[in-house]
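Source file: query-v5.cif. Holds: mmCIF, C-alpha atoms.
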data_run
#
loop_
_atom_site.group_PDB
_atom_site.id
_atom_site.type_symbol
_atom_site.label_atom_id
_atom_site.label_comp_id
_atom_site.auth_asym_id
_atom_site.auth_seq_id
_atom_site.Cartn_x
_atom_site.Cartn_y
_atom_site.Cartn_z
ATOM 1 C CA ASN A 223 58.187 103.725 64.668
ATOM 2 C CA ALA A 224 55.070 102.097 63.290
ATOM 3 C CA GLY A 225 54.194 100.571 66.682
ATOM 4 C CA VAL A 226 51.470 97.923 66.438
ATOM 5 C CA THR A 227 50.036 97.414 62.967
ATOM 6 C CA GLN A 228 46.832 95.490 62.304
ATOM 7 C CA THR A 229 45.432 94.405 58.961
ATOM 8 C CA PRO A 230 42.827 94.494 57.602
ATOM 9 C CA LYS A 231 41.049 97.458 59.175
ATOM 10 C CA PHE A 232 37.648 96.299 57.955
ATOM 11 C CA ARG A 233 36.352 92.969 56.714
ATOM 12 C CA ILE A 234 32.990 91.392 56.000
ATOM 13 C CA LEU A 235 32.794 87.609 56.155
ATOM 14 C CA LYS A 236 30.069 85.156 55.366
ATOM 15 C CA ILE A 237 29.078 82.561 57.938
ATOM 16 C CA GLY A 238 31.445 79.608 57.763
ATOM 17 C CA GLN A 239 34.305 81.453 56.080
ATOM 18 C CA SER A 240 37.749 81.629 57.629
ATOM 19 C CA MET A 241 40.237 84.441 57.799
ATOM 20 C CA THR A 242 43.363 85.636 59.542
ATOM 21 C CA LEU A 243 43.791 88.991 61.268
ATOM 22 C CA GLN A 244 47.393 90.082 61.061
ATOM 23 C CA CYS A 245 49.261 91.878 63.838
ATOM 24 C CA THR A 246 52.876 92.974 63.782
ATOM 25 C CA GLN A 247 54.906 95.136 66.161
ATOM 26 C CA ASP A 248 58.306 96.709 65.685
ATOM 27 C CA MET A 249 59.146 97.416 69.337
ATOM 28 C CA ASN A 250 60.703 94.022 70.106
ATOM 29 C CA HIS A 251 58.063 93.408 72.772
ATOM 30 C CA ASN A 252 57.902 89.982 74.363
ATOM 31 C CA TYR A 253 54.194 90.074 75.166
ATOM 32 C CA MET A 254 51.417 90.247 72.613
ATOM 33 C CA TYR A 255 47.652 90.135 73.041
ATOM 34 C CA TRP A 256 44.427 89.832 71.116
ATOM 35 C CA TYR A 257 41.252 91.407 72.477
ATOM 36 C CA ARG A 258 37.758 91.711 71.106
ATOM 37 C CA GLN A 259 35.334 94.505 71.886
ATOM 38 C CA ASP A 260 31.645 94.218 71.226
ATOM 39 C CA PRO A 261 29.607 97.430 70.832
ATOM 40 C CA GLY A 262 29.329 99.365 74.097
ATOM 41 C CA MET A 263 31.306 96.752 75.995
ATOM 42 C CA GLY A 264 34.771 96.400 77.476
ATOM 43 C CA LEU A 265 37.736 94.458 76.127
ATOM 44 C CA LYS A 266 37.772 90.690 76.343
ATOM 45 C CA LEU A 267 41.087 88.811 76.152
ATOM 46 C CA ILE A 268 41.105 86.132 73.442
ATOM 47 C CA TYR A 269 44.691 84.857 73.416
ATOM 48 C CA TYR A 270 48.058 86.116 74.555
ATOM 49 C CA SER A 271 51.717 85.232 74.112
ATOM 50 C CA VAL A 272 54.752 85.853 76.303
ATOM 51 C CA GLY A 273 57.258 85.113 73.551
ATOM 52 C CA ALA A 274 57.876 83.324 70.278
ATOM 53 C CA GLY A 275 56.539 79.790 70.376
ATOM 54 C CA ILE A 276 54.410 80.388 73.501
ATOM 55 C CA THR A 277 50.690 81.135 73.450
ATOM 56 C CA ASP A 278 47.908 80.814 75.989
ATOM 57 C CA LYS A 279 44.148 81.157 76.167
ATOM 58 C CA GLY A 280 42.442 84.200 77.515
ATOM 59 C CA GLU A 281 38.828 84.714 78.570
ATOM 60 C CA VAL A 282 37.106 83.990 75.248
ATOM 61 C CA PRO A 283 39.309 81.711 73.078
ATOM 62 C CA ASN A 284 36.620 79.539 71.480
ATOM 63 C CA GLY A 285 36.459 79.861 67.712
ATOM 64 C CA TYR A 286 39.939 81.366 67.416
ATOM 65 C CA ASN A 287 43.503 80.172 66.998
ATOM 66 C CA VAL A 288 46.831 81.950 67.231
ATOM 67 C CA SER A 289 50.477 81.304 66.525
ATOM 68 C CA ARG A 290 53.680 83.149 67.463
ATOM 69 C CA SER A 291 56.514 82.020 65.232
ATOM 70 C CA THR A 292 58.411 85.315 65.525
ATOM 71 C CA THR A 293 58.675 88.070 68.122
ATOM 72 C CA GLU A 294 57.116 90.567 65.711
ATOM 73 C CA ASP A 295 54.008 88.737 64.486
ATOM 74 C CA PHE A 296 50.937 87.394 66.261
ATOM 75 C CA PRO A 297 48.199 86.443 63.769
ATOM 76 C CA LEU A 298 44.679 85.573 64.917
ATOM 77 C CA ARG A 299 42.801 82.986 62.886
ATOM 78 C CA LEU A 300 39.035 82.689 62.794
ATOM 79 C CA GLU A 301 37.799 79.307 61.660
ATOM 80 C CA LEU A 302 34.178 78.893 60.551
ATOM 81 C CA ALA A 303 33.115 82.468 61.207
ATOM 82 C CA ALA A 304 29.857 82.983 63.114
ATOM 83 C CA PRO A 305 27.720 86.128 63.625
ATOM 84 C CA SER A 306 28.762 86.088 67.306
ATOM 85 C CA GLN A 307 32.284 86.920 66.165
ATOM 86 C CA THR A 308 31.179 90.265 64.786
ATOM 87 C CA SER A 309 33.303 92.647 66.803
ATOM 88 C CA VAL A 310 36.259 95.011 66.799
ATOM 89 C CA TYR A 311 39.528 93.205 67.370
ATOM 90 C CA PHE A 312 42.514 94.876 68.995
ATOM 91 C CA CYS A 313 46.065 93.624 69.068
ATOM 92 C CA ALA A 314 48.451 94.913 71.734
ATOM 93 C CA SER A 315 52.040 94.413 72.807
ATOM 94 C CA SER A 316 54.258 95.254 75.759
ATOM 95 C CA TYR A 317 57.409 94.449 77.659
ATOM 96 C CA PRO A 318 56.980 92.580 80.927
ATOM 97 C CA ILE A 319 56.390 95.057 83.732
ATOM 98 C CA GLN A 320 59.515 95.699 85.754
ATOM 99 C CA ALA A 321 60.626 98.334 88.193
ATOM 100 C CA SER A 322 62.543 100.019 85.369
ATOM 101 C CA ASN A 323 59.723 100.315 82.849
ATOM 102 C CA THR A 324 55.995 100.909 82.787
ATOM 103 C CA GLY A 325 54.964 97.676 81.115
ATOM 104 C CA GLU A 326 52.750 99.913 79.022
ATOM 105 C CA LEU A 327 50.459 98.185 76.557
ATOM 106 C CA PHE A 328 50.585 99.561 73.020
ATOM 107 C CA PHE A 329 47.434 98.938 71.002
ATOM 108 C CA GLY A 330 46.809 98.769 67.296
ATOM 109 C CA GLU A 331 44.021 100.751 65.649
ATOM 110 C CA GLY A 332 41.691 97.790 65.559
ATOM 111 C CA SER A 333 40.133 95.540 62.934
ATOM 112 C CA ARG A 334 36.375 95.752 62.499
ATOM 113 C CA LEU A 335 34.922 92.397 61.508
ATOM 114 C CA THR A 336 31.335 91.749 60.458
ATOM 115 C CA VAL A 337 30.030 88.221 59.937
ATOM 116 C CA LEU A 338 26.814 87.985 57.924
ATOM 117 C CA ASP B 202 43.216 87.336 88.017
ATOM 118 C CA ALA B 203 42.968 90.199 90.460
ATOM 119 C CA LYS B 204 39.770 92.091 89.757
ATOM 120 C CA THR B 205 38.905 95.746 89.743
ATOM 121 C CA THR B 206 35.541 97.460 90.158
ATOM 122 C CA GLN B 207 34.684 100.794 88.591
ATOM 123 C CA PRO B 208 31.460 102.802 88.238
ATOM 124 C CA ASN B 209 29.828 102.344 84.846
ATOM 125 C CA SER B 210 29.632 106.048 84.124
ATOM 126 C CA MET B 211 30.521 109.469 85.452
ATOM 127 C CA GLU B 212 29.824 112.996 84.341
ATOM 128 C CA SER B 213 31.823 116.164 84.677
ATOM 129 C CA ASN B 214 31.823 119.737 83.489
ATOM 130 C CA GLU B 215 34.545 121.166 81.334
ATOM 131 C CA GLU B 216 37.497 122.681 83.224
ATOM 132 C CA GLU B 217 36.474 121.028 86.490
ATOM 133 C CA PRO B 218 38.481 118.282 88.192
ATOM 134 C CA VAL B 219 37.371 114.678 87.768
ATOM 135 C CA HIS B 220 38.021 111.871 90.235
ATOM 136 C CA LEU B 221 37.586 108.396 88.768
ATOM 137 C CA PRO B 222 37.549 105.669 91.450
ATOM 138 C CA CYS B 223 38.687 102.064 91.228
ATOM 139 C CA ASN B 224 38.349 99.353 93.858
ATOM 140 C CA HIS B 225 40.800 96.460 93.928
ATOM 141 C CA SER B 226 40.312 94.830 97.297
ATOM 142 C CA THR B 227 42.159 91.609 96.344
ATOM 143 C CA ILE B 228 45.294 93.388 95.164
ATOM 144 C CA SER B 229 48.557 91.606 95.936
ATOM 145 C CA GLY B 230 51.781 93.184 97.072
ATOM 146 C CA THR B 231 53.337 92.951 93.628
ATOM 147 C CA ASP B 232 50.373 94.273 91.609
ATOM 148 C CA TYR B 233 50.889 97.548 89.795
ATOM 149 C CA ILE B 234 47.800 99.669 89.215
ATOM 150 C CA HIS B 235 47.485 100.727 85.576
ATOM 151 C CA TRP B 236 45.022 103.136 84.002
ATOM 152 C CA TYR B 237 44.156 103.259 80.327
ATOM 153 C CA ARG B 238 41.642 105.298 78.410
ATOM 154 C CA GLN B 239 39.848 104.605 75.158
ATOM 155 C CA LEU B 240 38.710 107.478 73.016
ATOM 156 C CA PRO B 241 35.800 106.838 70.628
ATOM 157 C CA SER B 242 36.736 104.563 67.723
ATOM 158 C CA GLN B 243 40.319 104.150 68.920
ATOM 159 C CA GLY B 244 42.355 101.553 70.740
ATOM 160 C CA PRO B 245 43.083 102.094 74.441
ATOM 161 C CA GLU B 246 46.074 104.209 75.427
ATOM 162 C CA TYR B 247 48.160 104.189 78.574
ATOM 163 C CA VAL B 248 47.496 106.976 81.068
ATOM 164 C CA ILE B 249 49.431 106.294 84.254
ATOM 165 C CA HIS B 250 50.490 103.581 86.644
ATOM 166 C CA GLY B 251 51.675 103.228 90.227
ATOM 167 C CA LEU B 252 52.538 100.753 92.956
ATOM 168 C CA THR B 253 52.265 102.436 96.353
ATOM 169 C CA SER B 254 52.982 106.155 96.085
ATOM 170 C CA ASN B 255 50.873 108.765 94.371
ATOM 171 C CA VAL B 256 52.022 109.519 90.831
ATOM 172 C CA ASN B 257 51.757 112.497 88.520
ATOM 173 C CA ASN B 258 52.367 112.835 84.804
ATOM 174 C CA ARG B 259 51.355 115.228 82.070
ATOM 175 C CA MET B 260 48.021 113.498 81.559
ATOM 176 C CA ALA B 261 46.763 112.831 85.072
ATOM 177 C CA SER B 262 47.474 112.031 88.708
ATOM 178 C CA LEU B 263 47.024 108.707 90.440
ATOM 179 C CA ALA B 264 46.153 108.630 94.123
ATOM 180 C CA ILE B 265 46.591 105.236 95.807
ATOM 181 C CA ALA B 266 44.990 104.440 99.141
ATOM 182 C CA GLU B 267 47.313 103.557 101.989
ATOM 183 C CA ASP B 268 46.021 99.962 102.078
ATOM 184 C CA ARG B 269 46.188 99.858 98.240
ATOM 185 C CA LYS B 270 42.659 98.473 98.022
ATOM 186 C CA SER B 271 41.489 101.425 95.998
ATOM 187 C CA SER B 272 42.859 104.133 93.760
ATOM 188 C CA THR B 273 41.638 107.294 92.065
ATOM 189 C CA LEU B 274 42.573 108.709 88.699
ATOM 190 C CA ILE B 275 42.478 112.477 88.815
ATOM 191 C CA LEU B 276 42.052 114.683 85.764
ATOM 192 C CA HIS B 277 42.796 118.136 87.087
ATOM 193 C CA ARG B 278 40.862 120.119 84.476
ATOM 194 C CA ALA B 279 38.594 118.060 82.279
ATOM 195 C CA THR B 280 38.358 118.969 78.625
ATOM 196 C CA LEU B 281 35.934 117.720 75.998
ATOM 197 C CA ARG B 282 38.775 115.586 74.626
ATOM 198 C CA ASP B 283 38.894 113.677 77.927
ATOM 199 C CA ALA B 284 35.509 112.108 77.198
ATOM 200 C CA ALA B 285 36.413 108.422 76.988
ATOM 201 C CA VAL B 286 36.155 105.057 78.693
ATOM 202 C CA TYR B 287 38.706 104.750 81.506
ATOM 203 C CA TYR B 288 39.986 101.338 82.531
ATOM 204 C CA CYS B 289 41.738 100.439 85.764
ATOM 205 C CA ILE B 290 43.662 97.148 85.638
ATOM 206 C CA LEU B 291 46.169 95.351 87.842
ATOM 207 C CA ARG B 292 49.434 94.060 86.484
ATOM 208 C CA ASP B 293 51.617 91.763 88.550
ATOM 209 C CA LEU B 294 55.332 92.371 88.619
ATOM 210 C CA GLY B 295 56.870 89.234 87.236
ATOM 211 C CA GLU B 296 57.165 87.709 83.845
ATOM 212 C CA THR B 297 54.691 84.876 84.186
ATOM 213 C CA SER B 298 51.856 86.025 86.393
ATOM 214 C CA GLY B 299 51.851 89.530 84.982
ATOM 215 C CA SER B 300 51.169 88.489 81.431
ATOM 216 C CA ARG B 301 47.460 87.616 81.425
ATOM 217 C CA LEU B 302 45.867 91.055 81.259
ATOM 218 C CA THR B 303 42.108 91.392 81.459
ATOM 219 C CA PHE B 304 40.060 94.570 81.303
ATOM 220 C CA GLY B 305 36.718 95.176 82.958
ATOM 221 C CA GLU B 306 33.980 97.372 81.527
ATOM 222 C CA GLY B 307 35.614 100.622 82.611
ATOM 223 C CA THR B 308 34.008 103.975 83.394
ATOM 224 C CA GLN B 309 32.440 106.029 80.623
ATOM 225 C CA LEU B 310 33.316 109.653 81.334
ATOM 226 C CA THR B 311 31.075 112.305 79.843
ATOM 227 C CA VAL B 312 32.355 115.887 79.863
ATOM 228 C CA ASN B 313 29.744 118.612 79.518
ATOM 229 C CA PRO B 314 30.659 121.939 77.887
#
I'd like the structure from this file rewritten - as structure tokens, please.
Amino acid sequence: NAGVTQTPKFRILKIGQSMTLQCTQDMNHNYMYWYRQDPGMGLKLIYYSVGAGITDKGEVPNGYNVSRSTTEDFPLRLELAAPSQTSVYFCASSYPIQASNTGELFFGEGSRLTVL
Amino acid sequence: DAKTTQPNSMESNEEEPVHLPCNHSTISGTDYIHWYRQLPSQGPEYVIHGLTSNVNNRMASLAIAEDRKSSTLILHRATLRDAAVYYCILRDLGETSGSRLTFGEGTQLTVNP
């Protein structure tokens, strides 16, 4: 299994440009998440989704948009990139936690974005 | 969101046990306690989770206080590869309320040779 796949792994953007970070999972997980991690800091939740067609804001949603048209894909769009969006972005997925499973989050390898 | 509190950093010597604490005084009856760790330049990975009873797996042990307001992740013999940031989070049983998962700053564990 590929698990959670993120592309691109690295990207440099100029201020004001837009781009989409791709995330796909092959585990048929209902839940998907986008986090950002600034240097030396913890993970901050940007957006999350509990299923196709359903998305919700996390802690730091400003400047980002998401969509969930399929179970597998959860792209994150940056509009009008700003230096404050320089960060490492992690996508994750999981089943809902139940007594019969761990609800373990599976993370991608991350996408390092620099905005200059 | 139920919150957790962890020390910013801890240090240990190789081959000694490590006890990483986590306080979660506002935990609800349906919150599972999850631990993740993040190795340098990698995404976080699941370590262990529990509800009320202590838990063991191949990676670690989880000790949960009787009142569930705190827990401790135990690495029985720390190795240099255990140097990482360890996150303690709460995850509510239930499809709706358990979906918004936030991480704190975690505990940076340094393992000395």
Kindly indicate which residue among B:Met260, B:Leu294, B:Trp236, B:Asn224 lies nearest to B:Arg282, using only C-alpha atoms for the distances.
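Between B:Met260, B:Leu294, B:Trp236, B:Asn224, the residue approaching B:Arg282 most closely is B:Met260.
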Could you check which of B:Leu240, B:Val219, B:Ile265, B:Ile290 is closest to B:Val312, using all atoms listed in the file?
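Selected residue with least distance to B:Val312: B:Val219.
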Within 12 Å of chain A, which residues of chain B are there when counting all atoms listed in the file? Please give them as a ChimeraX atom specification.
/B:202,207,209,231-252,285-309
Protein/DNA/RNA residues near (40.0, 119.0, 89.3), cut 6 Å, all atoms listed in the file, as a list in words
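The residues near that point, listed by chain and number, are Glu217, Pro218, Val219, Leu276, His277 and Arg278 of chain B.
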Give me, as a ChimeraX atom specification, all polymer residues having an atom no more than 9 Å from A:Tyr286, counting only C-alpha atoms and skipping those fewer than 2 positions away in the same chain.
/A:268-269,282-284,288,298-301
Run the PyMOL selection byres ((chain A and resi 235) around 7) mentally over the shown coordinates, then write out the matched residues as a ChimeraX atom specification, using the chain letters and numbers from the document.
/A:233-234,236-237,239,336-338
I'd like the neighbourhood of B:Glu215 as a tab-separated table (two decimals) with C-alpha atoms, keeping the file's coordinate frame, where a residue qualifies if any of its atoms comes within 7 Å (using only C-alpha atoms), though same-chain residues fewer than 2 positions away should be ignored.
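Saved file around17.tsv follows:
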chain	number	residue	atom	x	y	z
B	213	SER	CA	31.82	116.16	84.68
B	217	GLU	CA	36.47	121.03	86.49
B	279	ALA	CA	38.59	118.06	82.28
B	280	THR	CA	38.36	118.97	78.62
B	281	LEU	CA	35.93	117.72	76.00
B	312	VAL	CA	32.35	115.89	79.86
B	313	ASN	CA	29.74	118.61	79.52
B	314	PRO	CA	30.66	121.94	77.89
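Here atom CA of B:Leu310 is placed at a distance of 24.5 Å from atom CA of B:Ile228.
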Could you tell me which of A:Gln247, A:Gln259, A:Ser315, A:Ser309 comes closest to A:Asp295 if we count only C-alpha atoms?
A:Gln247
Can you spell out as an NGL selection string the set of residues that the PyMOL selection byres ((chain A and resi 227) around 7) selects in the structure I just provided?
:A and (224-226 or 228-229 or 245-247 or 330)
Residue subset to file, keeping C-alpha atoms, as a tab-separated table (two decimals), in the coordinates of the input:
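Listing of again.tsv after writing:
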chain	number	residue	atom	x	y	z
A	224	ALA	CA	55.07	102.10	63.29
A	225	GLY	CA	54.19	100.57	66.68
A	226	VAL	CA	51.47	97.92	66.44
A	228	GLN	CA	46.83	95.49	62.30
A	229	THR	CA	45.43	94.40	58.96
A	245	CYS	CA	49.26	91.88	63.84
A	246	THR	CA	52.88	92.97	63.78
A	247	GLN	CA	54.91	95.14	66.16
A	330	GLY	CA	46.81	98.77	67.30
